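Asker: My structure is in coords18.tsv, and what it holds is TSV, N, CA and C atoms:
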```tsv
chain	number	residue	atom	x	y	z
A	1	MET	N	-49.09	73.10	64.43
A	1	MET	CA	-49.55	72.42	63.24
A	1	MET	C	-48.40	71.74	62.51
A	2	MET	N	-47.26	72.41	62.41
A	2	MET	CA	-46.16	71.86	61.61
A	2	MET	C	-45.60	70.57	62.20
A	3	THR	N	-45.85	70.33	63.48
A	3	THR	CA	-45.39	69.10	64.10
A	3	THR	C	-46.56	68.17	64.45
A	4	ASP	N	-47.67	68.38	63.77
A	4	ASP	CA	-48.86	67.53	63.96
A	4	ASP	C	-48.83	66.44	62.89
A	5	ARG	N	-48.78	65.20	63.33
A	5	ARG	CA	-48.69	64.08	62.39
A	5	ARG	C	-49.87	64.06	61.41
A	6	ALA	N	-51.06	64.40	61.89
A	6	ALA	CA	-52.24	64.40	61.00
A	6	ALA	C	-52.07	65.44	59.88
A	7	TYR	N	-51.50	66.59	60.22
A	7	TYR	CA	-51.23	67.61	59.19
A	7	TYR	C	-50.21	67.08	58.18
A	8	LEU	N	-49.15	66.46	58.65
A	8	LEU	CA	-48.14	65.91	57.75
A	8	LEU	C	-48.73	64.85	56.83
A	9	GLU	N	-49.65	64.04	57.35
A	9	GLU	CA	-50.33	63.03	56.53
A	9	GLU	C	-51.13	63.72	55.42
A	10	GLU	N	-51.81	64.82	55.74
A	10	GLU	CA	-52.58	65.56	54.74
A	10	GLU	C	-51.65	66.12	53.65
A	11	VAL	N	-50.50	66.63	54.06
A	11	VAL	CA	-49.53	67.15	53.08
A	11	VAL	C	-49.08	66.02	52.16
A	12	CYS	N	-48.75	64.87	52.72
A	12	CYS	CA	-48.31	63.74	51.90
A	12	CYS	C	-49.39	63.35	50.89
A	13	LYS	N	-50.63	63.28	51.33
A	13	LYS	CA	-51.73	62.93	50.42
A	13	LYS	C	-51.89	63.97	49.32
A	14	ALA	N	-51.76	65.25	49.68
A	14	ALA	CA	-51.93	66.34	48.70
A	14	ALA	C	-50.83	66.36	47.65
A	15	THR	N	-49.67	65.77	47.96
A	15	THR	CA	-48.58	65.73	46.97
A	15	THR	C	-48.71	64.52	46.05
A	16	HIS	N	-49.83	63.80	46.16
A	16	HIS	CA	-50.11	62.63	45.32
A	16	HIS	C	-49.11	61.51	45.53
A	17	ALA	N	-48.65	61.39	46.78
A	17	ALA	CA	-47.73	60.30	47.12
A	17	ALA	C	-48.45	58.97	46.93
A	18	ARG	N	-47.77	58.03	46.31
A	18	ARG	CA	-48.35	56.69	46.13
A	18	ARG	C	-48.34	55.92	47.44
A	19	SER	N	-47.38	56.24	48.30
A	19	SER	CA	-47.35	55.74	49.67
A	19	SER	C	-46.53	56.75	50.46
A	20	HIS	N	-46.71	56.73	51.79
A	20	HIS	CA	-45.98	57.69	52.61
A	20	HIS	C	-45.93	57.24	54.06
A	21	GLU	N	-44.98	57.84	54.77
A	21	GLU	CA	-44.84	57.71	56.23
A	21	GLU	C	-44.62	59.11	56.77
A	22	ALA	N	-45.19	59.36	57.94
A	22	ALA	CA	-44.97	60.65	58.60
A	22	ALA	C	-44.75	60.38	60.08
A	23	THR	N	-43.65	60.92	60.61
A	23	THR	CA	-43.36	60.75	62.03
A	23	THR	C	-42.99	62.09	62.64
A	24	VAL	N	-43.25	62.20	63.93
A	24	VAL	CA	-42.89	63.40	64.68
A	24	VAL	C	-42.21	62.93	65.97
A	25	THR	N	-41.03	63.48	66.21
A	25	THR	CA	-40.30	63.21	67.44
A	25	THR	C	-39.94	64.55	68.05
A	26	GLY	N	-40.66	64.94	69.09
A	26	GLY	CA	-40.43	66.26	69.67
A	26	GLY	C	-40.77	67.33	68.65
A	27	THR	N	-39.78	68.14	68.28
A	27	THR	CA	-39.99	69.21	67.30
A	27	THR	C	-39.37	68.87	65.94
A	28	THR	N	-39.12	67.59	65.72
A	28	THR	CA	-38.55	67.14	64.44
A	28	THR	C	-39.59	66.32	63.68
A	29	THR	N	-39.80	66.71	62.42
A	29	THR	CA	-40.73	65.96	61.58
A	29	THR	C	-39.95	65.23	60.50
A	30	HIS	N	-40.48	64.09	60.09
A	30	HIS	CA	-39.83	63.31	59.04
A	30	HIS	C	-40.93	62.69	58.19
A	31	THR	N	-40.89	62.97	56.90
A	31	THR	CA	-41.81	62.32	55.97
A	31	THR	C	-41.01	61.58	54.92
A	32	ILE	N	-41.56	60.47	54.49
A	32	ILE	CA	-41.00	59.70	53.38
A	32	ILE	C	-42.16	59.48	52.41
A	33	ARG	N	-41.97	59.94	51.18
A	33	ARG	CA	-43.04	59.83	50.18
A	33	ARG	C	-42.52	59.14	48.93
A	34	ARG	N	-43.31	58.21	48.42
A	34	ARG	CA	-43.01	57.58	47.13
A	34	ARG	C	-43.89	58.29	46.11
A	35	LEU	N	-43.24	58.94	45.16
A	35	LEU	CA	-43.92	59.83	44.21
A	35	LEU	C	-43.64	59.43	42.76
A	36	PRO	N	-44.53	59.82	41.85
A	36	PRO	CA	-44.20	59.67	40.44
A	36	PRO	C	-42.99	60.55	40.13
A	37	ALA	N	-42.04	60.03	39.39
A	37	ALA	CA	-40.85	60.82	39.05
A	37	ALA	C	-41.20	61.88	38.01
A	38	PRO	N	-40.66	63.09	38.16
A	38	PRO	CA	-40.84	64.10	37.11
A	38	PRO	C	-40.24	63.58	35.80
A	39	ALA	N	-40.80	63.97	34.69
A	39	ALA	CA	-40.37	63.47	33.38
A	39	ALA	C	-38.86	63.61	33.17
A	40	ALA	N	-38.29	64.74	33.59
A	40	ALA	CA	-36.85	64.96	33.39
A	40	ALA	C	-36.00	63.99	34.20
A	41	ALA	N	-36.54	63.51	35.31
A	41	ALA	CA	-35.77	62.61	36.18
A	41	ALA	C	-36.03	61.14	35.89
A	42	ALA	N	-37.17	60.83	35.29
A	42	ALA	CA	-37.59	59.43	35.13
A	42	ALA	C	-36.59	58.57	34.38
A	43	LYS	N	-35.87	59.14	33.42
A	43	LYS	CA	-34.88	58.33	32.69
A	43	LYS	C	-33.71	57.90	33.57
A	44	PHE	N	-33.53	58.63	34.72
A	44	PHE	CA	-32.46	58.28	35.66
A	44	PHE	C	-32.98	57.48	36.85
A	45	THR	N	-34.20	57.78	37.27
A	45	THR	CA	-34.74	57.19	38.50
A	45	THR	C	-35.73	56.06	38.26
A	46	GLY	N	-36.26	55.97	37.06
A	46	GLY	CA	-37.38	55.08	36.83
A	46	GLY	C	-38.67	55.86	37.06
A	47	PRO	N	-39.82	55.20	37.00
A	47	PRO	CA	-41.09	55.92	37.06
A	47	PRO	C	-41.44	56.50	38.44
A	48	GLU	N	-40.75	56.05	39.48
A	48	GLU	CA	-41.02	56.55	40.82
A	48	GLU	C	-39.72	56.93	41.52
A	49	LEU	N	-39.88	57.79	42.52
A	49	LEU	CA	-38.75	58.09	43.38
A	49	LEU	C	-39.27	58.30	44.80
A	50	THR	N	-38.39	58.12	45.73
A	50	THR	CA	-38.73	58.30	47.14
A	50	THR	C	-38.06	59.58	47.64
A	51	VAL	N	-38.83	60.40	48.31
A	51	VAL	CA	-38.31	61.65	48.85
A	51	VAL	C	-38.40	61.58	50.37
A	52	SER	N	-37.27	61.79	51.03
A	52	SER	CA	-37.20	61.82	52.49
A	52	SER	C	-36.95	63.26	52.90
A	53	GLU	N	-37.83	63.77	53.77
A	53	GLU	CA	-37.73	65.16	54.20
A	53	GLU	C	-37.76	65.23	55.72
A	54	LYS	N	-36.78	65.89	56.29
A	54	LYS	CA	-36.71	66.06	57.74
A	54	LYS	C	-36.63	67.55	58.03
A	55	ILE	N	-37.43	67.99	59.00
A	55	ILE	CA	-37.37	69.40	59.41
A	55	ILE	C	-37.24	69.43	60.93
A	56	ASP	N	-36.18	70.10	61.39
A	56	ASP	CA	-35.94	70.32	62.82
A	56	ASP	C	-36.40	71.73	63.14
A	57	TRP	N	-37.50	71.83	63.89
A	57	TRP	CA	-38.08	73.14	64.20
A	57	TRP	C	-37.48	73.72	65.48
A	58	GLY	N	-37.14	74.99	65.40
A	58	GLY	CA	-36.63	75.70	66.57
A	58	GLY	C	-37.76	76.41	67.30
A	59	PRO	N	-37.47	76.98	68.45
A	59	PRO	CA	-38.49	77.72	69.20
A	59	PRO	C	-38.82	79.04	68.50
A	60	ALA	N	-39.95	79.60	68.86
A	60	ALA	CA	-40.33	80.91	68.31
A	60	ALA	C	-39.35	81.97	68.80
A	61	ASP	N	-39.03	82.92	67.93
A	61	ASP	CA	-38.18	84.03	68.35
A	61	ASP	C	-39.06	85.14	68.95
A	62	ALA	N	-38.47	86.27	69.29
A	62	ALA	CA	-39.20	87.36	69.94
A	62	ALA	C	-40.36	87.88	69.09
A	63	ALA	N	-40.24	87.78	67.77
A	63	ALA	CA	-41.29	88.26	66.86
A	63	ALA	C	-42.32	87.17	66.57
A	64	GLY	N	-42.11	85.98	67.12
A	64	GLY	CA	-43.05	84.88	66.88
A	64	GLY	C	-42.71	84.04	65.66
A	65	HIS	N	-41.61	84.33	65.00
A	65	HIS	CA	-41.19	83.54	63.83
A	65	HIS	C	-40.62	82.20	64.29
A	66	ARG	N	-40.85	81.20	63.49
A	66	ARG	CA	-40.24	79.88	63.76
A	66	ARG	C	-39.36	79.52	62.57
A	67	THR	N	-38.23	78.91	62.87
A	67	THR	CA	-37.29	78.50	61.83
A	67	THR	C	-37.10	77.00	61.91
A	68	GLY	N	-37.12	76.38	60.73
A	68	GLY	CA	-36.87	74.95	60.65
A	68	GLY	C	-35.69	74.68	59.72
A	69	ARG	N	-34.83	73.76	60.14
A	69	ARG	CA	-33.72	73.31	59.28
A	69	ARG	C	-34.23	72.14	58.47
A	70	VAL	N	-34.16	72.29	57.14
A	70	VAL	CA	-34.71	71.31	56.22
A	70	VAL	C	-33.59	70.47	55.62
A	71	SER	N	-33.78	69.16	55.65
A	71	SER	CA	-32.89	68.23	54.95
A	71	SER	C	-33.77	67.34	54.08
A	72	MET	N	-33.47	67.31	52.81
A	72	MET	CA	-34.23	66.49	51.89
A	72	MET	C	-33.26	65.63	51.10
A	73	SER	N	-33.66	64.38	50.85
A	73	SER	CA	-32.83	63.51	50.03
A	73	SER	C	-33.73	62.59	49.22
A	74	VAL	N	-33.14	62.00	48.21
A	74	VAL	CA	-33.81	60.99	47.39
A	74	VAL	C	-32.96	59.74	47.53
A	75	PRO	N	-33.34	58.84	48.46
A	75	PRO	CA	-32.54	57.64	48.71
A	75	PRO	C	-32.26	56.87	47.42
A	76	GLY	N	-31.00	56.48	47.28
A	76	GLY	CA	-30.58	55.75	46.08
A	76	GLY	C	-30.20	56.65	44.92
A	77	GLN	N	-30.36	57.95	45.10
A	77	GLN	CA	-30.03	58.91	44.05
A	77	GLN	C	-29.10	59.98	44.65
A	78	PRO	N	-28.26	60.60	43.84
A	78	PRO	CA	-27.33	61.61	44.37
A	78	PRO	C	-27.98	63.00	44.46
A	79	VAL	N	-29.13	63.06	45.14
A	79	VAL	CA	-29.90	64.30	45.23
A	79	VAL	C	-30.10	64.66	46.70
A	80	THR	N	-29.74	65.89	47.06
A	80	THR	CA	-29.95	66.39	48.41
A	80	THR	C	-30.37	67.85	48.37
A	81	MET	N	-31.02	68.27	49.42
A	81	MET	CA	-31.33	69.68	49.59
A	81	MET	C	-31.15	69.99	51.07
A	82	GLN	N	-30.47	71.07	51.37
A	82	GLN	CA	-30.30	71.57	52.72
A	82	GLN	C	-30.82	73.00	52.71
A	83	GLY	N	-31.61	73.34	53.70
A	83	GLY	CA	-32.14	74.70	53.70
A	83	GLY	C	-32.76	75.09	55.02
A	84	ILE	N	-33.41	76.22	54.98
A	84	ILE	CA	-34.08	76.81	56.13
A	84	ILE	C	-35.47	77.23	55.66
A	85	VAL	N	-36.46	76.95	56.49
A	85	VAL	CA	-37.81	77.48	56.24
A	85	VAL	C	-38.16	78.35	57.44
A	86	VAL	N	-38.64	79.55	57.17
A	86	VAL	CA	-39.02	80.49	58.22
A	86	VAL	C	-40.52	80.74	58.11
A	87	LEU	N	-41.21	80.54	59.22
A	87	LEU	CA	-42.65	80.82	59.29
A	87	LEU	C	-42.85	82.14	60.00
A	88	SER	N	-43.65	83.02	59.39
A	88	SER	CA	-43.94	84.31	60.03
A	88	SER	C	-45.39	84.70	59.76
A	89	ALA	N	-45.95	85.44	60.70
A	89	ALA	CA	-47.32	85.90	60.57
A	89	ALA	C	-47.40	86.94	59.46
A	90	ASP	N	-48.51	86.90	58.73
A	90	ASP	CA	-48.75	87.88	57.67
A	90	ASP	C	-50.26	88.09	57.58
A	91	GLY	N	-50.75	89.15	58.19
A	91	GLY	CA	-52.19	89.40	58.19
A	91	GLY	C	-52.90	88.25	58.90
A	92	PRO	N	-53.93	87.70	58.26
A	92	PRO	CA	-54.67	86.62	58.91
A	92	PRO	C	-54.02	85.24	58.77
A	93	GLY	N	-52.90	85.17	58.09
A	93	GLY	CA	-52.28	83.87	57.84
A	93	GLY	C	-50.81	83.82	58.20
A	94	THR	N	-50.16	82.83	57.64
A	94	THR	CA	-48.74	82.60	57.89
A	94	THR	C	-48.03	82.46	56.55
A	95	VAL	N	-46.84	83.00	56.47
A	95	VAL	CA	-46.01	82.89	55.27
A	95	VAL	C	-44.85	81.97	55.59
A	96	ALA	N	-44.57	81.04	54.69
A	96	ALA	CA	-43.41	80.16	54.81
A	96	ALA	C	-42.41	80.58	53.74
A	97	GLU	N	-41.21	80.92	54.17
A	97	GLU	CA	-40.15	81.31	53.22
A	97	GLU	C	-39.05	80.27	53.28
A	98	LEU	N	-38.79	79.65	52.13
A	98	LEU	CA	-37.79	78.59	52.02
A	98	LEU	C	-36.57	79.09	51.28
A	99	THR	N	-35.41	78.87	51.85
A	99	THR	CA	-34.15	79.11	51.15
A	99	THR	C	-33.29	77.86	51.33
A	100	GLY	N	-32.55	77.52	50.32
A	100	GLY	CA	-31.72	76.34	50.45
A	100	GLY	C	-30.91	76.07	49.20
A	101	VAL	N	-30.19	74.97	49.26
A	101	VAL	CA	-29.35	74.54	48.15
A	101	VAL	C	-29.76	73.13	47.76
A	102	LEU	N	-30.17	72.99	46.51
A	102	LEU	CA	-30.50	71.70	45.94
A	102	LEU	C	-29.29	71.22	45.16
A	103	LYS	N	-28.86	70.00	45.42
A	103	LYS	CA	-27.64	69.47	44.79
A	103	LYS	C	-27.91	68.12	44.16
A	104	VAL	N	-27.54	68.00	42.88
A	104	VAL	CA	-27.55	66.73	42.18
A	104	VAL	C	-26.10	66.43	41.83
A	105	ALA	N	-25.53	65.44	42.50
A	105	ALA	CA	-24.10	65.16	42.38
A	105	ALA	C	-23.82	64.19	41.24
A	106	ILE	N	-24.03	64.68	40.02
A	106	ILE	CA	-23.71	63.91	38.82
A	106	ILE	C	-22.83	64.81	37.95
A	107	PRO	N	-21.61	64.39	37.65
A	107	PRO	CA	-20.75	65.22	36.81
A	107	PRO	C	-21.42	65.58	35.48
A	108	ILE	N	-21.19	66.75	35.06
A	108	ILE	CA	-21.66	67.34	33.80
A	108	ILE	C	-23.16	67.60	33.80
A	109	LEU	N	-23.99	66.62	34.18
A	109	LEU	CA	-25.44	66.77	34.12
A	109	LEU	C	-26.05	67.37	35.38
A	110	GLY	N	-25.31	67.44	36.47
A	110	GLY	CA	-25.85	67.86	37.75
A	110	GLY	C	-26.60	69.18	37.72
A	111	LYS	N	-25.99	70.22	37.17
A	111	LYS	CA	-26.62	71.54	37.13
A	111	LYS	C	-27.94	71.51	36.37
A	112	LYS	N	-27.94	70.83	35.24
A	112	LYS	CA	-29.15	70.74	34.43
A	112	LYS	C	-30.26	70.00	35.18
A	113	LEU	N	-29.89	68.93	35.87
A	113	LEU	CA	-30.87	68.17	36.64
A	113	LEU	C	-31.36	68.96	37.85
A	114	GLU	N	-30.48	69.76	38.46
A	114	GLU	CA	-30.90	70.61	39.57
A	114	GLU	C	-31.96	71.60	39.09
A	115	GLN	N	-31.72	72.20	37.92
A	115	GLN	CA	-32.68	73.15	37.37
A	115	GLN	C	-34.01	72.47	37.04
A	116	ALA	N	-33.95	71.22	36.60
A	116	ALA	CA	-35.17	70.48	36.29
A	116	ALA	C	-35.91	70.05	37.56
A	117	ALA	N	-35.17	69.75	38.62
A	117	ALA	CA	-35.78	69.28	39.87
A	117	ALA	C	-36.33	70.41	40.73
A	118	ALA	N	-35.75	71.59	40.64
A	118	ALA	CA	-36.14	72.70	41.51
A	118	ALA	C	-37.64	73.01	41.46
A	119	PRO	N	-38.27	73.06	40.29
A	119	PRO	CA	-39.72	73.34	40.29
A	119	PRO	C	-40.54	72.29	41.04
A	120	ALA	N	-40.14	71.04	40.98
A	120	ALA	CA	-40.87	69.99	41.71
A	120	ALA	C	-40.70	70.17	43.22
A	121	VAL	N	-39.50	70.52	43.66
A	121	VAL	CA	-39.26	70.76	45.08
A	121	VAL	C	-40.10	71.95	45.56
A	122	LEU	N	-40.09	73.02	44.80
A	122	LEU	CA	-40.87	74.20	45.18
A	122	LEU	C	-42.36	73.91	45.15
A	123	ALA	N	-42.81	73.12	44.20
A	123	ALA	CA	-44.23	72.74	44.14
A	123	ALA	C	-44.64	71.99	45.40
A	124	GLY	N	-43.76	71.13	45.89
A	124	GLY	CA	-44.04	70.41	47.13
A	124	GLY	C	-44.22	71.35	48.31
A	125	PHE	N	-43.38	72.37	48.40
A	125	PHE	CA	-43.52	73.32	49.50
A	125	PHE	C	-44.73	74.23	49.30
A	126	ARG	N	-45.09	74.55	48.05
A	126	ARG	CA	-46.33	75.31	47.81
A	126	ARG	C	-47.55	74.49	48.23
A	127	THR	N	-47.50	73.19	47.96
A	127	THR	CA	-48.60	72.31	48.38
A	127	THR	C	-48.71	72.32	49.89
A	128	GLN	N	-47.58	72.28	50.58
A	128	GLN	CA	-47.58	72.33	52.03
A	128	GLN	C	-48.25	73.62	52.52
A	129	GLN	N	-47.97	74.73	51.86
A	129	GLN	CA	-48.58	76.02	52.22
A	129	GLN	C	-50.10	75.95	52.02
A	130	LYS	N	-50.55	75.40	50.89
A	130	LYS	CA	-51.99	75.30	50.62
A	130	LYS	C	-52.70	74.42	51.64
A	131	VAL	N	-52.09	73.29	51.96
A	131	VAL	CA	-52.68	72.40	52.97
A	131	VAL	C	-52.71	73.12	54.32
A	132	GLY	N	-51.66	73.85	54.64
A	132	GLY	CA	-51.62	74.59	55.89
A	132	GLY	C	-52.70	75.66	55.96
A	133	ASP	N	-52.89	76.38	54.86
A	133	ASP	CA	-53.95	77.41	54.83
A	133	ASP	C	-55.31	76.78	55.11
A	134	ALA	N	-55.59	75.66	54.46
A	134	ALA	CA	-56.86	74.96	54.65
A	134	ALA	C	-56.98	74.40	56.08
A	135	TRP	N	-55.87	73.91	56.61
A	135	TRP	CA	-55.84	73.33	57.96
A	135	TRP	C	-56.23	74.39	59.00
A	136	LEU	N	-55.72	75.60	58.81
A	136	LEU	CA	-55.93	76.65	59.80
A	136	LEU	C	-57.36	77.16	59.83
A	137	VAL	N	-58.12	76.98	58.75
A	137	VAL	CA	-59.51	77.46	58.76
A	137	VAL	C	-60.49	76.38	59.24
A	138	LYS	N	-59.98	75.18	59.54
A	138	LYS	CA	-60.86	74.11	60.05
A	138	LYS	C	-61.37	74.46	61.42
```
Translate the structure of the given file into structure tokens.
Answerer:
Amino acid sequence: MMTDRAYLEEVCKATHARSHEATVTGTTTHTIRRLPAPAAAAKFTGPELTVSEKIDWGPADAAGHRTGRVSMSVPGQPVTMQGIVVLSADGPGTVAELTGVLKVAIPILGKKLEQAAAPAVLAGFRTQQKVGDAWLVK
């Protein structure tokens, strides 16, 4: 599912992207979404921003867990995120656990902007989980 282009399209739509692209090459996914900017970021980015997200999925381990290396950026802005997402079975469903580092490379304001951006990044991954839950019951 995680490397299914149709699933990625559903995730993009669920995040209220004004426009989007989703591609899959082997076990690597790449989405580009044009989104309304969060209020805290809009004074720096304007009313919209583009988010580019790439996930390189590895093979399942002995327990059936899959790990993906996540790279996220906001083209034209000094914002990046590098992390790992681990998928594991949990009862009748799957749990996605994301860990990573979100960086806003702006002197003095960077930390404050990182704290403001983190909830939006996490909301995007929660949306992905909700879309995935719905996808699996189809």
Asker: Nearest residue to Gln128 (chain A) out of A:Ala14, A:Thr27, A:Val104, A:Ala63, using all atoms listed in the file?
Answerer: A:Ala14
Asker: When you count all atoms listed in the file, which of these residues is closest to Val51 (chain A): A:Leu102, A:Ser73, A:Ile84, A:Ala39?
Answerer: A:Ser73
Asker: To one decimal in Å, tell me the separation between atom N of Ala105 (chain A) and CA of Val74 (chain A).
Answerer: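 CA of Val74 (chain A) lies 10.6 Å from atom N of Ala105 (chain A).
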Asker: Among the residues of chain A, find those DSSP assigns to alpha helix (DSSP H) from the backbone and print them as a compact mmCIF listing (two decimals) with N, CA and C atoms, in the coordinates of the input.
Answerer:
```txt
# COMPACT_ATOMS: atom_id res chain seq x y z
N ARG A 5 -48.78 65.20 63.33
CA ARG A 5 -48.69 64.08 62.39
C ARG A 5 -49.87 64.06 61.41
N ALA A 6 -51.06 64.40 61.89
CA ALA A 6 -52.24 64.40 61.00
C ALA A 6 -52.07 65.44 59.88
N TYR A 7 -51.50 66.59 60.22
CA TYR A 7 -51.23 67.61 59.19
C TYR A 7 -50.21 67.08 58.18
N LEU A 8 -49.15 66.46 58.65
CA LEU A 8 -48.14 65.91 57.75
C LEU A 8 -48.73 64.85 56.83
N GLU A 9 -49.65 64.04 57.35
CA GLU A 9 -50.33 63.03 56.53
C GLU A 9 -51.13 63.72 55.42
N GLU A 10 -51.81 64.82 55.74
CA GLU A 10 -52.58 65.56 54.74
C GLU A 10 -51.65 66.12 53.65
N VAL A 11 -50.50 66.63 54.06
CA VAL A 11 -49.53 67.15 53.08
C VAL A 11 -49.08 66.02 52.16
N CYS A 12 -48.75 64.87 52.72
CA CYS A 12 -48.31 63.74 51.90
C CYS A 12 -49.39 63.35 50.89
N LYS A 13 -50.63 63.28 51.33
CA LYS A 13 -51.73 62.93 50.42
C LYS A 13 -51.89 63.97 49.32
N ALA A 14 -51.76 65.25 49.68
CA ALA A 14 -51.93 66.34 48.70
C ALA A 14 -50.83 66.36 47.65
N ALA A 39 -40.80 63.97 34.69
CA ALA A 39 -40.37 63.47 33.38
C ALA A 39 -38.86 63.61 33.17
N ALA A 40 -38.29 64.74 33.59
CA ALA A 40 -36.85 64.96 33.39
C ALA A 40 -36.00 63.99 34.20
N ALA A 41 -36.54 63.51 35.31
CA ALA A 41 -35.77 62.61 36.18
C ALA A 41 -36.03 61.14 35.89
N ALA A 42 -37.17 60.83 35.29
CA ALA A 42 -37.59 59.43 35.13
C ALA A 42 -36.59 58.57 34.38
N LYS A 43 -35.87 59.14 33.42
CA LYS A 43 -34.88 58.33 32.69
C LYS A 43 -33.71 57.90 33.57
N PHE A 44 -33.53 58.63 34.72
CA PHE A 44 -32.46 58.28 35.66
C PHE A 44 -32.98 57.48 36.85
N THR A 45 -34.20 57.78 37.27
CA THR A 45 -34.74 57.19 38.50
C THR A 45 -35.73 56.06 38.26
N GLY A 110 -25.31 67.44 36.47
CA GLY A 110 -25.85 67.86 37.75
C GLY A 110 -26.60 69.18 37.72
N LYS A 111 -25.99 70.22 37.17
CA LYS A 111 -26.62 71.54 37.13
C LYS A 111 -27.94 71.51 36.37
N LYS A 112 -27.94 70.83 35.24
CA LYS A 112 -29.15 70.74 34.43
C LYS A 112 -30.26 70.00 35.18
N LEU A 113 -29.89 68.93 35.87
CA LEU A 113 -30.87 68.17 36.64
C LEU A 113 -31.36 68.96 37.85
N GLU A 114 -30.48 69.76 38.46
CA GLU A 114 -30.90 70.61 39.57
C GLU A 114 -31.96 71.60 39.09
N GLN A 115 -31.72 72.20 37.92
CA GLN A 115 -32.68 73.15 37.37
C GLN A 115 -34.01 72.47 37.04
N ALA A 116 -33.95 71.22 36.60
CA ALA A 116 -35.17 70.48 36.29
C ALA A 116 -35.91 70.05 37.56
N ALA A 117 -35.17 69.75 38.62
CA ALA A 117 -35.78 69.28 39.87
C ALA A 117 -36.33 70.41 40.73
N ALA A 118 -35.75 71.59 40.64
CA ALA A 118 -36.14 72.70 41.51
C ALA A 118 -37.64 73.01 41.46
N PRO A 119 -38.27 73.06 40.29
CA PRO A 119 -39.72 73.34 40.29
C PRO A 119 -40.54 72.29 41.04
N ALA A 120 -40.14 71.04 40.98
CA ALA A 120 -40.87 69.99 41.71
C ALA A 120 -40.70 70.17 43.22
N VAL A 121 -39.50 70.52 43.66
CA VAL A 121 -39.26 70.76 45.08
C VAL A 121 -40.10 71.95 45.56
N LEU A 122 -40.09 73.02 44.80
CA LEU A 122 -40.87 74.20 45.18
C LEU A 122 -42.36 73.91 45.15
N ALA A 123 -42.81 73.12 44.20
CA ALA A 123 -44.23 72.74 44.14
C ALA A 123 -44.64 71.99 45.40
N GLY A 124 -43.76 71.13 45.89
CA GLY A 124 -44.04 70.41 47.13
C GLY A 124 -44.22 71.35 48.31
N PHE A 125 -43.38 72.37 48.40
CA PHE A 125 -43.52 73.32 49.50
C PHE A 125 -44.73 74.23 49.30
N ARG A 126 -45.09 74.55 48.05
CA ARG A 126 -46.33 75.31 47.81
C ARG A 126 -47.55 74.49 48.23
N THR A 127 -47.50 73.19 47.96
CA THR A 127 -48.60 72.31 48.38
C THR A 127 -48.71 72.32 49.89
N GLN A 128 -47.58 72.28 50.58
CA GLN A 128 -47.58 72.33 52.03
C GLN A 128 -48.25 73.62 52.52
N GLN A 129 -47.97 74.73 51.86
CA GLN A 129 -48.58 76.02 52.22
C GLN A 129 -50.10 75.95 52.02
N LYS A 130 -50.55 75.40 50.89
CA LYS A 130 -51.99 75.30 50.62
C LYS A 130 -52.70 74.42 51.64
N VAL A 131 -52.09 73.29 51.96
CA VAL A 131 -52.68 72.40 52.97
C VAL A 131 -52.71 73.12 54.32
N GLY A 132 -51.66 73.85 54.64
CA GLY A 132 -51.62 74.59 55.89
C GLY A 132 -52.70 75.66 55.96
N ASP A 133 -52.89 76.38 54.86
CA ASP A 133 -53.95 77.41 54.83
C ASP A 133 -55.31 76.78 55.11
N ALA A 134 -55.59 75.66 54.46
CA ALA A 134 -56.86 74.96 54.65
C ALA A 134 -56.98 74.40 56.08
N TRP A 135 -55.87 73.91 56.61
CA TRP A 135 -55.84 73.33 57.96
C TRP A 135 -56.23 74.39 59.00
N LEU A 136 -55.72 75.60 58.81
CA LEU A 136 -55.93 76.65 59.80
C LEU A 136 -57.36 77.16 59.83
```
Asker: Within 10 Å of region 58-61 of chain A, counting only C-alpha atoms, which residues qualify if same-chain residues fewer than 2 places away don't, as a ChimeraX atom specification?
Answerer: /A:27-28,55-56,63-69,86-88
Asker: I'd like to know which of A:Ala17, A:Ala41, A:Thr29, A:Leu49 is closest to Thr3 (chain A), using only N, CA and C atoms.
Answerer: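 For Thr3 (chain A), the nearest of the candidates is A:Thr29.
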Asker: Identify which of the residues A:Val121, A:Ala116, A:Pro38, A:Tyr7 lies closest to Val24 (chain A), counting only C-alpha atoms when measuring atom-to-atom distances.
Answerer: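 Of the candidates, the smallest distance to Val24 (chain A) is held by A:Tyr7.
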Asker: Mind the document's chain letters and residue numbers, and return as an MDAnalysis selection string the residues of region 2-138 of chain A that DSSP labels strand (DSSP E).
Answerer: chainID A and resid 19:25 28:36 48:57 66:73 79:90 93:104
Asker: Report the distance between CA of Arg126 (chain A) and CA of Lys138 (chain A) in Å, rounded to one decimal place.
Answerer: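 According to the coordinates, CA of Arg126 (chain A) and CA of Lys138 (chain A) are separated by 19.0 Å.
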Asker: Report as a list in words all protein, DNA and RNA residues lying within 12 Å of Ala6 (chain A), evaluated on only C-alpha atoms, omitting residues in the same chain fewer than 6 positions from it.
Answerer: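 That gives Cys12, Lys13, Glu21, Ala22, Thr23, Val24, Thr29, Thr31, Val131, Gly132 and Trp135 of chain A.
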